[in-house]
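Input: a single structure, listed below in structure tokens.
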Amino acid sequence: MLKEKYQKEIDEIISRYPVKRSALIPLLYLAQQEHGYVTEAAMKEIAQLLKLTPPQVYETVTFYTVLNLKPVGKFHMQVCKSLMCALAGSDTVLGWIKTKLGIAPGESTPDGLFTLSAVECLASCGTAPMMQINDDYYEQLTEAKVDKILGDLKTTGTSDLKSGPYMWPLPVDAVRREG
Amino acid sequence: MPKHELILLKNMSQPGYSGSLADYEATGGYQALRATLGKTAPADVTTAVRKSGLRGRGGAGFPTGVKWGFLPKDYQGPRYLCCNADESEPGTFKDRQLMERDPHQMLEGIVLACYAIGAEYAYIYIRGEMVLGSKILEQAIGEARAAGYIGHNILGTGTHVDVWVHRGAGAYICGEETALLESLEGKRGLPRIKPPFPATHGLYNKPTVVNNVETLANLPHILTRGAEWFAAIGSPPKSTGTRVFCVSGHVKRPGNYEVPMGVTFRELVYEHAGGMRSNKPIKAFIPGGASAPFLTPDHLDVKMDFESVAAAGSMLGSGGVTVMEEGTSMVWAALRLMEFFYHESCGKCSPCREGSSWLVQTMRRIMAKRGRMEDLETLLDLCKNIAGRTVCAFGDAEVAPIQSTLKYWRDEYVSLIREAEAADLIMPEAAGVRH
Ligand SMILES: Cc1cc2nc3c(=O)[nH]c(=O)nc-3n(C[C@H](O)[C@H](O)[C@H](O)COP(=O)(O)O)c2cc1C
Ligand code: SF4
Ligand code: FES
């Protein structure tokens, strides 16, 4: 049950809105964070918390791509395939990952570590090609970077290649430091 | 060094600027708020914004001060401000930078807007994928609250403004302002039929203003330096101020460039973005995000202001400029965008829901060299029956790539179809399995 573990967070979230239903997506995020996807039990519990019917919760969940109704791999690799990334080679990036992990978009590796998806624009077109893995963005991808990211994730669960606060081109001083 | 004075990107372009409250205050941050709250009447703030000529940076370009003026004057109940940080239009990545690198600039704008319209609650609706951005904003709100810039009785002026971050969950349509409101109410993000407009019936049916991140980030500068100062920048009188243009595609230096409205695409592409990646000539560019019709090299000297781009047959939209070099297939490019629109149609109205599926299938067939000449008429016919006949402006947007590429590069469609026809002559049996 979410309530036992997150009572304080839940109360705080609900208090932000004059109408309880507005807390629905934030609570669904809480549920997804807990289980990796939104379970049926969580939907029922959230319905009760917000005085909604379970179908009202379900119809909302199904509208949004970030909310998963099925378990996904520990690392959900979402490669942007929209036009601006495609101009910069996103199809090639998908190809690398397919070869390296042996999975096509929509599939997961048998060990449950990786799920691959091809997704639409993630607001990084200036630093294309790019992908999002769980909460983090990885940009200006090259094959060497993809290799390092996959290796890092397998060994440490995270990678220092992930993006910080976005700015491109970088301010002049940073360019000097990095160059 | 940039050859134009930076306004919105100025702080973050300084060496070592971290975006913290201390850094923001050190550059004069929150001075507009100090000088305005309790000192200038809210109506005068709206007047100043109207005089500045500021127009919305989210896509539609509606004059901001005029929009605020639509809120009912005598209404006693709550009002809301929603900051549209959904930034999902392919080709657009400026709001992300404004939020993640200088969050207080935007927060100061939010409080100023709330003061002007009498709203005590603001929600920042940020796209769900931007987890880092939402964390940065939450931290900045915490800092501003502790310093008394946000919350109850701001700086002792009797103004109350509370600000929350609300994450969307991955649906392009939630950038449309009424879909955003539905989503914020915890529902599926289906646009509402307008009128009534959010100004009178918005969030929870209460008077509401929805403004884009970049629009709001301009407010502290307008109030500090004056409406006249702002109104003189760019292409007055109708396109004032700067825009942060997001340049992507086949250029040497893609990225965000802030320039006064009215510079030409040529200057943006060749001077700021460094010209073409492989020194091939430009074949096509999109001037304002995926929803804007494609333009050709003949349009490179068009000025980047609302009127000039509209006169050239496209729109300045969200400021996303995507450049494509010679050799890029325009049918392929239009199909990529069509796949996006097909994926993102919310399904509320039939011309868009059914039409997007027809369009994408017809385009896929042509691209796969299985098209027929009649398909071109079908495409145009479908486009005509979608645009202007839908609940929201998504319908007009989704036909732009196909209509404009058919207008300028019809020969590319034709030659793919000719190849299909030639293949059929050799293998007549294939004709039967074309669909
Ligand atoms: C399909 C569609 C998607 C939109 N997406 C966004 C968006 O991501 N961000 C945004 O600020 N405005 C977006 N808009 C425009 C908003 O509806 C609205 O006009 C804008 O947020 C108003 O703010 P502004 O006046 O400050 O530009 C979109 C509009 C449509 C029709
Ligand atoms: S035009 Fe498309 S996106 Fe807009 S309401 Fe209709 S179906 Fe939804
Ligand atoms: S097209 Fe890939 S991030 Fe925009």
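Labels for the structure tokens follow display order: chains A, B, ..., residues from 1 in each chain, ligands from 1.
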
Counting only C-alpha atoms and all ligand atoms, name the residues that have an atom within 8 Å of an atom of ligand 2; the answer should be given as a PDB file with C-alpha atoms, in the first residue's frame.
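Below is the file selection26.pdb, written as the result:
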```pdb
ATOM      1  CA  ILE B 173      -1.347  17.792 -26.945  1.00  0.00           C
ATOM      2  CA  LEU B 190      -8.383  16.524 -24.489  1.00  0.00           C
ATOM      3  CA  PRO B 191      -8.643  20.137 -25.711  1.00  0.00           C
ATOM      4  CA  ARG B 192     -11.836  21.985 -24.828  1.00  0.00           C
ATOM      5  CA  GLU B 344       0.061  12.528 -30.833  1.00  0.00           C
ATOM      6  CA  SER B 345      -3.493  13.126 -32.127  1.00  0.00           C
ATOM      7  CA  CYS B 346      -5.618  13.020 -28.992  1.00  0.00           C
ATOM      8  CA  GLY B 347      -8.539  11.426 -30.812  1.00  0.00           C
ATOM      9  CA  LYS B 348     -11.234  13.840 -29.722  1.00  0.00           C
ATOM     10  CA  CYS B 349     -12.382  14.854 -33.200  1.00  0.00           C
ATOM     11  CA  SER B 350     -12.761  12.644 -36.251  1.00  0.00           C
ATOM     12  CA  PRO B 351     -11.069  14.736 -38.995  1.00  0.00           C
ATOM     13  CA  CYS B 352      -7.838  14.681 -36.999  1.00  0.00           C
ATOM     14  CA  ARG B 353      -8.118  11.205 -35.482  1.00  0.00           C
ATOM     15  CA  ARG B 389     -12.338  21.677 -39.048  1.00  0.00           C
ATOM     16  CA  THR B 390     -11.030  20.481 -35.738  1.00  0.00           C
ATOM     17  CA  VAL B 391     -11.454  21.267 -32.067  1.00  0.00           C
ATOM     18  CA  CYS B 392      -7.919  22.582 -31.701  1.00  0.00           C
ATOM     19  CA  ALA B 393      -5.117  24.038 -33.819  1.00  0.00           C
ATOM     20  CA  PHE B 394      -3.372  20.649 -33.960  1.00  0.00           C
ATOM     21  CA  GLY B 395      -5.461  19.988 -37.063  1.00  0.00           C
ATOM     22  CA  ASP B 396      -3.900  22.928 -38.899  1.00  0.00           C
TER      23      ASP B 396
END
```

Inset, instruction - Please check which protein, DNA or RNA residues sit within 9 Å of ligand 3, counting only C-alpha atoms and all ligand atoms, and write them as a ChimeraX atom specification. - result: /A:79-88,90,119-131,139 /B:88-93,248

For the selection you just gave me, I'd like the residues written to a file as a short mmCIF file (atom, residue, chain, number, x, y, z; two decimals), in the first residue's frame, keeping N, CA and C atoms.
```cif
data_model
loop_
_atom_site.label_atom_id
_atom_site.label_comp_id
_atom_site.auth_asym_id
_atom_site.auth_seq_id
_atom_site.Cartn_x
_atom_site.Cartn_y
_atom_site.Cartn_z
N VAL A 79 14.96 6.26 -27.28
CA VAL A 79 15.72 7.00 -28.28
C VAL A 79 14.75 7.87 -29.07
N CYS A 80 15.07 9.17 -29.16
CA CYS A 80 14.20 10.06 -29.92
C CYS A 80 14.37 9.81 -31.40
N LYS A 81 13.25 9.66 -32.10
CA LYS A 81 13.31 9.38 -33.53
C LYS A 81 12.62 10.46 -34.36
N SER A 82 12.24 11.57 -33.73
CA SER A 82 11.57 12.63 -34.49
C SER A 82 12.52 13.25 -35.51
N LEU A 83 11.97 14.07 -36.40
CA LEU A 83 12.74 14.54 -37.56
C LEU A 83 14.09 15.14 -37.22
N MET A 84 14.15 16.03 -36.22
CA MET A 84 15.40 16.75 -35.97
C MET A 84 16.50 15.80 -35.52
N CYS A 85 16.14 14.80 -34.72
CA CYS A 85 17.12 13.79 -34.33
C CYS A 85 17.45 12.88 -35.51
N ALA A 86 16.45 12.59 -36.32
CA ALA A 86 16.70 11.73 -37.48
C ALA A 86 17.70 12.38 -38.42
N LEU A 87 17.63 13.71 -38.55
CA LEU A 87 18.59 14.42 -39.41
C LEU A 87 20.01 14.27 -38.86
N ALA A 88 20.11 14.06 -37.56
CA ALA A 88 21.43 13.94 -36.93
C ALA A 88 21.82 12.47 -36.69
N SER A 90 19.60 9.57 -35.66
CA SER A 90 19.00 8.76 -34.60
C SER A 90 18.70 7.32 -35.05
N VAL A 119 10.99 7.00 -29.35
CA VAL A 119 9.99 7.96 -28.88
C VAL A 119 10.04 9.25 -29.68
N GLU A 120 9.11 10.15 -29.40
CA GLU A 120 9.05 11.43 -30.12
C GLU A 120 9.83 12.50 -29.35
N CYS A 121 10.06 13.60 -30.04
CA CYS A 121 10.92 14.71 -29.60
C CYS A 121 10.92 14.97 -28.10
N LEU A 122 12.13 15.04 -27.52
CA LEU A 122 12.28 15.25 -26.08
C LEU A 122 12.90 16.62 -25.76
N ALA A 123 12.80 17.55 -26.69
CA ALA A 123 13.31 18.91 -26.47
C ALA A 123 14.83 18.95 -26.27
N SER A 124 15.54 18.20 -27.11
CA SER A 124 17.01 18.23 -27.13
C SER A 124 17.51 18.28 -28.55
N CYS A 125 16.72 18.79 -29.45
CA CYS A 125 17.05 18.69 -30.87
C CYS A 125 18.37 19.37 -31.21
N GLY A 126 18.80 20.33 -30.39
CA GLY A 126 20.06 21.02 -30.66
C GLY A 126 21.27 20.17 -30.28
N THR A 127 21.03 19.12 -29.51
CA THR A 127 22.11 18.25 -29.06
C THR A 127 21.80 16.81 -29.47
N ALA A 128 21.20 16.71 -30.68
CA ALA A 128 20.83 15.41 -31.22
C ALA A 128 22.08 14.69 -31.75
N PRO A 129 22.04 13.35 -31.87
CA PRO A 129 20.98 12.45 -31.43
C PRO A 129 21.02 12.24 -29.92
N MET A 130 19.89 11.82 -29.38
CA MET A 130 19.81 11.75 -27.92
C MET A 130 18.88 10.62 -27.49
N MET A 131 18.99 10.28 -26.22
CA MET A 131 18.02 9.33 -25.65
C MET A 131 17.82 9.67 -24.18
N GLU A 139 22.93 13.05 -24.45
CA GLU A 139 22.83 13.79 -25.70
C GLU A 139 24.11 13.70 -26.52
N SER B 88 6.93 20.55 -26.19
CA SER B 88 6.99 19.25 -26.88
C SER B 88 6.95 19.38 -28.39
N GLU B 89 6.94 20.60 -28.89
CA GLU B 89 6.89 20.80 -30.34
C GLU B 89 8.23 20.39 -30.93
N PRO B 90 8.27 19.36 -31.81
CA PRO B 90 9.57 18.96 -32.34
C PRO B 90 10.33 20.15 -32.92
N GLY B 91 11.59 20.25 -32.54
CA GLY B 91 12.42 21.36 -33.00
C GLY B 91 12.58 22.45 -31.96
N THR B 92 11.92 22.32 -30.81
CA THR B 92 11.93 23.39 -29.81
C THR B 92 12.60 22.92 -28.52
N PHE B 93 13.59 23.70 -28.06
CA PHE B 93 14.30 23.29 -26.83
C PHE B 93 14.82 24.50 -26.08
N SER B 248 18.27 23.58 -35.26
CA SER B 248 18.61 22.15 -35.30
C SER B 248 18.78 21.71 -36.74
#
```

Legend entry - All helix (DSSP H, G or I) residues (DSSP, backbone) inside segment 71-144 of chain A, as a list in words: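 Across segment 71-144 of chain A, those assigned helix (DSSP H, G or I) are Leu83, Met84, Cys85, Ala86, Leu87, Ser90, Asp91, Thr92, Val93, Leu94, Gly95, Trp96, Ile97, Lys98, Thr99, Lys100, Leu101, Cys125, Gly126, Thr127, Glu143 and Ala144 of chain A.
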
Inset, instruction - Using only C-alpha atoms, select each residue of chain B with any atom at most 8 Å away from an atom of chain A, and give the selection as number ranges by chain. - result: B: 12-16, 87-93, 96-97, 100-101, 128-133, 164, 166-171, 183-189, 204, 246-250, 253-256, 322, 324, 333, 336-337, 340

Expected answer as a compact mmCIF listing (two decimals) with C-alpha atoms, in the first residue's frame: residues within 8 Å of ligand 1, only C-alpha atoms and all ligand atoms:
```
# COMPACT_ATOMS: atom_id res chain seq x y z
CA ARG B 55 3.51 38.61 -27.73
CA GLY B 56 3.26 35.01 -26.58
CA ARG B 57 6.31 32.84 -27.24
CA GLY B 58 4.41 29.54 -27.02
CA GLY B 59 3.34 29.44 -30.63
CA ALA B 60 0.27 31.55 -31.30
CA GLY B 61 1.92 34.93 -30.68
CA PHE B 62 -1.05 36.48 -28.91
CA PRO B 63 -0.32 39.87 -27.26
CA THR B 64 0.27 39.12 -23.59
CA LYS B 67 -4.77 38.43 -22.99
CA CYS B 83 3.02 28.51 -16.91
CA ASN B 84 3.16 26.40 -20.03
CA ALA B 85 6.42 24.47 -19.76
CA ASP B 86 5.23 21.51 -21.80
CA GLU B 87 7.71 22.21 -24.62
CA SER B 88 6.99 19.25 -26.88
CA GLU B 89 6.89 20.80 -30.34
CA TYR B 172 2.23 16.61 -26.89
CA ILE B 173 -1.35 17.79 -26.94
CA CYS B 174 -1.11 18.90 -23.31
CA GLY B 175 0.85 21.91 -24.60
CA GLU B 176 -2.42 23.17 -26.09
CA GLU B 177 -3.69 25.44 -23.37
CA THR B 178 -7.10 23.90 -22.75
CA VAL B 210 -1.81 30.40 -19.63
CA ASN B 211 1.57 31.79 -20.65
CA ASN B 212 4.69 30.22 -22.05
CA VAL B 213 7.98 30.06 -20.10
CA GLU B 214 9.79 32.47 -22.43
CA THR B 215 6.89 34.94 -22.38
CA LEU B 216 7.01 35.05 -18.58
CA SER B 318 7.59 28.17 -31.24
CA CYS B 392 -7.92 22.58 -31.70
CA ALA B 393 -5.12 24.04 -33.82
CA PHE B 394 -3.37 20.65 -33.96
CA ALA B 397 -0.45 21.93 -37.71
```

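Here the residues within segment 109-147 of chain A that DSSP labels strand (DSSP E or B) on the basis of the backbone are Phe114, Thr115, Leu116, Ser117, Ala118, Val119, Met131, Gln132, Ile133, Asp136, Tyr137 and Tyr138 of chain A.
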
Inset, instruction - May I have the residues within 10 Å of Glu143 of chain A as a ChimeraX atom specification, using only C-alpha atoms and disregarding those fewer than 2 positions away in the same chain? - result: /A:92-93,96-97,141,145-149

Quick one: residues within 10 Å of Val38 of chain A, only C-alpha atoms counted, chain neighbours fewer than 2 positions away excluded, as a PDB file with N, CA and C atoms, in the first residue's frame?
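File result-v1.pdb, as written:
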```pdb
ATOM      1  N   LEU A  28       0.115   8.998  -9.328  1.00  0.00           N
ATOM      2  CA  LEU A  28       0.479   7.895 -10.217  1.00  0.00           C
ATOM      3  C   LEU A  28       2.003   7.811 -10.374  1.00  0.00           C
ATOM      4  N   TYR A  29       2.646   8.966 -10.399  1.00  0.00           N
ATOM      5  CA  TYR A  29       4.113   8.970 -10.442  1.00  0.00           C
ATOM      6  C   TYR A  29       4.698   8.292  -9.201  1.00  0.00           C
ATOM      7  N   LEU A  30       4.082   8.575  -8.073  1.00  0.00           N
ATOM      8  CA  LEU A  30       4.536   7.960  -6.824  1.00  0.00           C
ATOM      9  C   LEU A  30       4.426   6.436  -6.927  1.00  0.00           C
ATOM     10  N   ALA A  31       3.295   5.988  -7.474  1.00  0.00           N
ATOM     11  CA  ALA A  31       3.071   4.547  -7.627  1.00  0.00           C
ATOM     12  C   ALA A  31       4.084   3.947  -8.592  1.00  0.00           C
ATOM     13  N   GLN A  32       4.349   4.664  -9.672  1.00  0.00           N
ATOM     14  CA  GLN A  32       5.293   4.153 -10.668  1.00  0.00           C
ATOM     15  C   GLN A  32       6.706   4.086 -10.102  1.00  0.00           C
ATOM     16  N   GLN A  33       7.037   5.072  -9.293  1.00  0.00           N
ATOM     17  CA  GLN A  33       8.348   5.106  -8.657  1.00  0.00           C
ATOM     18  C   GLN A  33       8.509   3.892  -7.736  1.00  0.00           C
ATOM     19  N   GLU A  34       7.414   3.497  -7.103  1.00  0.00           N
ATOM     20  CA  GLU A  34       7.452   2.387  -6.153  1.00  0.00           C
ATOM     21  C   GLU A  34       7.630   1.034  -6.845  1.00  0.00           C
ATOM     22  N   HIS A  35       6.875   0.824  -7.946  1.00  0.00           N
ATOM     23  CA  HIS A  35       6.857  -0.515  -8.555  1.00  0.00           C
ATOM     24  C   HIS A  35       7.490  -0.573  -9.939  1.00  0.00           C
ATOM     25  N   GLY A  36       7.876   0.589 -10.493  1.00  0.00           N
ATOM     26  CA  GLY A  36       8.401   0.598 -11.858  1.00  0.00           C
ATOM     27  C   GLY A  36       7.292   0.740 -12.884  1.00  0.00           C
ATOM     28  N   GLU A  40      -2.453  -2.458 -10.834  1.00  0.00           N
ATOM     29  CA  GLU A  40      -3.902  -2.342 -10.680  1.00  0.00           C
ATOM     30  C   GLU A  40      -4.246  -1.986  -9.232  1.00  0.00           C
ATOM     31  N   ALA A  41      -3.522  -2.594  -8.308  1.00  0.00           N
ATOM     32  CA  ALA A  41      -3.782  -2.312  -6.893  1.00  0.00           C
ATOM     33  C   ALA A  41      -3.540  -0.839  -6.598  1.00  0.00           C
ATOM     34  N   ALA A  42      -2.470  -0.289  -7.194  1.00  0.00           N
ATOM     35  CA  ALA A  42      -2.171   1.126  -6.955  1.00  0.00           C
ATOM     36  C   ALA A  42      -3.282   2.002  -7.515  1.00  0.00           C
ATOM     37  N   MET A  43      -3.768   1.650  -8.701  1.00  0.00           N
ATOM     38  CA  MET A  43      -4.848   2.455  -9.295  1.00  0.00           C
ATOM     39  C   MET A  43      -6.079   2.455  -8.399  1.00  0.00           C
ATOM     40  N   TYR A  58      -8.042   4.755 -14.476  1.00  0.00           N
ATOM     41  CA  TYR A  58      -7.529   3.970 -15.598  1.00  0.00           C
ATOM     42  C   TYR A  58      -7.568   4.776 -16.897  1.00  0.00           C
ATOM     43  N   VAL A  61      -4.630   7.121 -16.897  1.00  0.00           N
ATOM     44  CA  VAL A  61      -3.335   6.449 -17.070  1.00  0.00           C
ATOM     45  C   VAL A  61      -3.097   6.106 -18.542  1.00  0.00           C
ATOM     46  N   LEU A  67       3.446   7.042 -18.197  1.00  0.00           N
ATOM     47  CA  LEU A  67       2.915   6.103 -17.195  1.00  0.00           C
ATOM     48  C   LEU A  67       2.836   4.712 -17.813  1.00  0.00           C
ATOM     49  N   ASN A  68       3.517   3.763 -17.204  1.00  0.00           N
ATOM     50  CA  ASN A  68       3.554   2.396 -17.739  1.00  0.00           C
ATOM     51  C   ASN A  68       2.533   1.520 -17.033  1.00  0.00           C
ATOM     52  N   LEU A  69       1.789   0.746 -17.837  1.00  0.00           N
ATOM     53  CA  LEU A  69       0.850  -0.207 -17.244  1.00  0.00           C
ATOM     54  C   LEU A  69       1.448  -1.606 -17.165  1.00  0.00           C
ATOM     55  N   LYS A  70       2.642  -1.733 -17.750  1.00  0.00           N
ATOM     56  CA  LYS A  70       3.325  -3.033 -17.716  1.00  0.00           C
ATOM     57  C   LYS A  70       4.733  -2.813 -17.180  1.00  0.00           C
ATOM     58  N   PRO A  71       5.309  -3.838 -16.585  1.00  0.00           N
ATOM     59  CA  PRO A  71       6.695  -3.681 -16.115  1.00  0.00           C
ATOM     60  C   PRO A  71       7.618  -3.384 -17.301  1.00  0.00           C
TER      61      PRO A  71
END
```

Legend entry - Selection: 12 Å around segment 360-369 of chain B, only C-alpha atoms, excl. self and same-chain fewer than 5 positions, as a VMD selection string: chain B and resid 329 to 343 345 352 to 355 374 to 380 382 to 383 398 to 399 401 to 403 405 to 406 412 to 424 430 to 431 433 to 435

Inset, instruction - Counting only C-alpha atoms, figure out which residue out of A:Met1, A:Gln140, A:His76, A:Gln7 gets nearest to Thr39 of chain A. - result: A:Met1

Inset, instruction - Please provide as a list in words all residues within 9 Å of segment 99-116 of chain A, with the sequence filter that same-chain residues fewer than 5 positions apart are discarded (counting only C-alpha atoms). - result: Val72, Gly73, Lys74, Phe75, His76, Met77, Gln78, Val79, Leu94, Asp147 and Lys154 of chain A

Would you export the selected residues with N, CA, C and O atoms as a compact mmCIF listing (two decimals), in the first residue's frame, please?
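Written out: again-v8.txt:
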```
# COMPACT_ATOMS: atom_id res chain seq x y z
N VAL A 72 8.59 -2.53 -17.09
CA VAL A 72 9.62 -2.29 -18.11
C VAL A 72 10.96 -2.67 -17.50
O VAL A 72 11.07 -2.88 -16.29
N GLY A 73 11.99 -2.75 -18.36
CA GLY A 73 13.31 -3.12 -17.88
C GLY A 73 13.81 -2.14 -16.83
O GLY A 73 13.28 -1.05 -16.67
N LYS A 74 14.85 -2.55 -16.13
CA LYS A 74 15.42 -1.68 -15.10
C LYS A 74 15.88 -0.36 -15.72
O LYS A 74 15.78 0.69 -15.09
N PHE A 75 16.39 -0.44 -16.94
CA PHE A 75 16.79 0.77 -17.66
C PHE A 75 15.93 0.90 -18.92
O PHE A 75 16.01 0.07 -19.81
N HIS A 76 15.11 1.92 -18.95
CA HIS A 76 14.23 2.12 -20.11
C HIS A 76 14.89 3.11 -21.05
O HIS A 76 14.93 4.30 -20.79
N MET A 77 15.43 2.59 -22.15
CA MET A 77 16.17 3.44 -23.09
C MET A 77 15.20 3.94 -24.13
O MET A 77 14.62 3.17 -24.89
N GLN A 78 15.02 5.26 -24.16
CA GLN A 78 14.07 5.85 -25.09
C GLN A 78 14.82 6.75 -26.05
O GLN A 78 15.26 7.83 -25.70
N VAL A 79 14.96 6.26 -27.28
CA VAL A 79 15.72 7.00 -28.28
C VAL A 79 14.75 7.87 -29.07
O VAL A 79 13.74 7.39 -29.57
N LEU A 94 19.66 3.89 -32.98
CA LEU A 94 18.77 2.75 -32.72
C LEU A 94 19.41 1.46 -33.22
O LEU A 94 19.33 0.42 -32.55
N ASP A 147 28.39 2.86 -25.93
CA ASP A 147 29.10 1.74 -25.28
C ASP A 147 29.37 2.04 -23.81
O ASP A 147 29.14 1.21 -22.94
N LYS A 154 25.34 -1.14 -16.53
CA LYS A 154 25.43 -2.53 -16.08
C LYS A 154 26.23 -2.64 -14.79
O LYS A 154 25.89 -3.42 -13.90
```

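If you look at atom CA of Ala113 of chain B and atom CA of Asp11 of chain A, they are 28.5 Å away from each other.
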